[in-house]
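K.L.:
One structure coming up, written as structure tokens, with questions to follow.
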Amino acid sequence: MGTEALLERLHAQYAPVTADGDSAEAPVGAVRSRGVSHGVLVLELDREALLDTVRALRDQHGFDLFLDVTAVDWPDAPLRFEVVWHFYSTADKVRVRLKTRVAADDAEVDSLTSLYGSAGYMERECHDMYGIRFRGNDDLRPILLYEGFRGHPLRKDYPKQKEQPLVPYRPPQSALVR
Amino acid sequence: MYGKRLPILDMGPGLAGATGVGSLPLGGGAGSASLARPGQSKAASFEFLTTRKDELVGWARKFSLFPYPFVTACCAMEFMAVSASHYDTDRFGAALPRFSPRQADLLMVVGTVTQKQAPILLKVYEQMCEPKWVMAFGVCASTGGFYQNYASLPGIDRIIPVDIYVPGCPPRPEMVIDGIMRLQEKIAASPHPIINERF
């Protein structure tokens, strides 16, 4: 199956839910919008539909490689965090991107560790950097940060030069040091 | 020879006996006139040297630096370049890396040090025996460079004392060699605590 054909089929299957709910085909999940960006199919969906959508992508469409999970912080948006996943089909050489929005006080999505073992480390990193919790991943210890680090450094409200040293600093040695 | 010259007074065999106390025999002694090779005049045979003890120890130490490379980042490439035959730090006595801090006396911190690595760097420094010197190789080790964020240590002098800073991203090999030479001058000029009245 060619790239175009697969994209077309996915495009048709994941039609967005319209306001009155009469989607042309039965949607797998509550897909909010779809589109193609730089040759990558982009699906925005509700977080409740995530596991079913990913399972369908893996089992029916051959997206066998989990590439990444990360997040985007939109400080002024009501649903502040946009969690982004990437998947790749090694047979068809096609990528797909899933996005979902969560609020800052309820930053929790389902973990994909039950479907892709490799998701564990990246969910830990995303938890480090953005504070997104992954329901079902019971090992969210810091992976790039260290125990005792407070806050999530890639959030926009984290002060850019804030340091949390593990070793107490020596006093400045020179007047030139800030 | 570069830097400050070791003040050596070649007294020659005739004057040596008259000076007596305080002179340090190096490579010869009274009555060793036979060591002078044929064709070599006695005046140039260095049978006796006198110098200050402190400067003698400094002179010996500055040419026997044993570096411990604490190499963390891209400056490692430049460190390899300056260690290899083109630039050859062996000419300055600083070629043989010791991968145990207990056998090293020059800690070369090459590259960015993160907050997570800071305890490791401190432990390595504390494991080194005196006398010890520290070189911050590259701008990241010196000040943090353009890494001014949550992850990076803004200069290793925040946790350990630094003797010589070599800026640059990465520094040229000439700058590193200049840094080594300045460190050697510093070693030669500084007092050495092993020198006491019983030495």
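Identifiers for the structure tokens are assigned positionally: chains receive A, B, ... in sequence, residues are indexed from 1 per chain, and ligands are indexed from 1 in the order shown.
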Only residues of chain B matter here; which ones have an atom within 6 Å of chain A, counting only C-alpha atoms? Give them as a PyMOL selection string.
P.N.:
chain B and resi 115+148-150+158-159
K.L.:
Leaving out stretch 126-136 of chain A and any residue of its chain fewer than 2 positions from it, which residues lie within 6 Å of it when counting only C-alpha atoms, given as a list in words?
P.N.:
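With the cut-off at 6 Å, the set is Thr70, Ala107, Glu108, Val109, Asp110, Ser111, Glu123, Arg124, Asp138, Pro142, His152, Pro153, Leu154 and Arg155 of chain A.
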K.L.:
According to DSSP computed on the backbone, where in chain A is there alpha helix (DSSP H)? Give the residues as JSON, numbers by chain.
P.N.:
{"A": [3, 4, 5, 6, 7, 8, 9, 10, 11, 12, 13, 50, 51, 52, 53, 54, 55, 56, 57, 58, 59, 60, 61, 119, 120, 121, 122, 123, 124, 125, 126, 127, 128, 129, 130]}
K.L.:
Residues at most 6 Å from B:Val110, counting only C-alpha atoms, excluding those fewer than 6 positions away in the same chain, as a list of chain:residue names?
P.N.:
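Counting only the stated atoms, we get B:Phe70, B:Val71, B:Cys75, B:Phe137.
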K.L.:
Once you have the residues from the selection above, write them out as a PDB file, in the first residue's frame, restricted to N, CA and C atoms.
P.N.:
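Here's the written file result_11.pdb:
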```
ATOM      1  N   PHE B  70      38.422  15.076  32.639  1.00  0.00           N
ATOM      2  CA  PHE B  70      36.993  14.960  32.977  1.00  0.00           C
ATOM      3  C   PHE B  70      36.242  15.485  31.757  1.00  0.00           C
ATOM      4  N   VAL B  71      36.013  14.622  30.803  1.00  0.00           N
ATOM      5  CA  VAL B  71      35.588  15.045  29.472  1.00  0.00           C
ATOM      6  C   VAL B  71      34.113  14.733  29.302  1.00  0.00           C
ATOM      7  N   CYS B  75      33.885  19.589  23.499  1.00  0.00           N
ATOM      8  CA  CYS B  75      35.269  20.025  23.637  1.00  0.00           C
ATOM      9  C   CYS B  75      36.223  18.839  23.650  1.00  0.00           C
ATOM     10  N   PHE B 137      38.419  23.930  30.708  1.00  0.00           N
ATOM     11  CA  PHE B 137      38.715  23.845  29.271  1.00  0.00           C
ATOM     12  C   PHE B 137      37.439  24.192  28.516  1.00  0.00           C
TER      13      PHE B 137
END
```
K.L.:
If we count only C-alpha atoms and set the cut-off at 9 Å, which residues sit around B:Gly168, ignoring sequence neighbours fewer than 3 positions away in its own chain? Please answer as a ChimeraX atom specification.
P.N.:
/B:137-140,171-172,175
K.L.:
Please produce an output containing C-alpha atoms for each residue in the selection, written as a PDB file, in the first residue's frame.
P.N.:
```
ATOM      1  CA  PHE B 137      38.715  23.845  29.271  1.00  0.00           C
ATOM      2  CA  GLY B 138      36.258  25.724  27.090  1.00  0.00           C
ATOM      3  CA  VAL B 139      33.683  28.352  27.842  1.00  0.00           C
ATOM      4  CA  CYS B 140      31.105  25.932  29.227  1.00  0.00           C
ATOM      5  CA  PRO B 171      39.353  26.708  22.311  1.00  0.00           C
ATOM      6  CA  ARG B 172      42.047  26.515  19.694  1.00  0.00           C
ATOM      7  CA  MET B 175      44.997  28.475  23.481  1.00  0.00           C
TER       8      MET B 175
END
```
K.L.:
Out of stretch 19-176 of chain A, which residues get strand (DSSP E or B) from DSSP, as a PyMOL selection string?
P.N.:
chain A and resi 31-37+40-45+65-73+81-89+94-102+108-110+133-135
K.L.:
Write out as a PDB file with N, CA and C atoms, in the first residue's frame the residues lying within 10 Å of B:Glu130, counting only C-alpha atoms and excluding same-chain residues fewer than 4 positions away.
P.N.:
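Listing of part.pdb after writing:
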```pdb
ATOM      1  N   ARG B 102      43.257   9.647  41.861  1.00  0.00           N
ATOM      2  CA  ARG B 102      44.278   9.563  42.911  1.00  0.00           C
ATOM      3  C   ARG B 102      45.686   9.652  42.350  1.00  0.00           C
ATOM      4  N   ALA B 104      46.401  11.616  39.654  1.00  0.00           N
ATOM      5  CA  ALA B 104      46.485  12.800  38.806  1.00  0.00           C
ATOM      6  C   ALA B 104      46.691  14.039  39.656  1.00  0.00           C
ATOM      7  N   ASP B 105      47.287  15.060  39.028  1.00  0.00           N
ATOM      8  CA  ASP B 105      47.391  16.321  39.744  1.00  0.00           C
ATOM      9  C   ASP B 105      46.859  17.487  38.942  1.00  0.00           C
ATOM     10  N   GLU B 126      37.780  15.933  45.009  1.00  0.00           N
ATOM     11  CA  GLU B 126      38.164  15.644  46.395  1.00  0.00           C
ATOM     12  C   GLU B 126      39.026  14.393  46.494  1.00  0.00           C
ATOM     13  N   PRO B 193      54.153  23.608  49.673  1.00  0.00           N
ATOM     14  CA  PRO B 193      54.091  23.349  51.121  1.00  0.00           C
ATOM     15  C   PRO B 193      55.022  22.236  51.594  1.00  0.00           C
TER      16      PRO B 193
END
```
K.L.:
As an exercise, work out the distance from atom CA of A:Lys156 to atom CA of A:Val40 in Å and give it to one decimal place.
P.N.:
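A separation of 26.8 Å between them.
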K.L.:
List the neighbours of B:Gly93 out to 10 Å using only C-alpha atoms; skip same-chain residues closer than 6 positions along the sequence, and give me the result as a PyMOL selection string.
P.N.:
chain B and resi 61-67+180+184
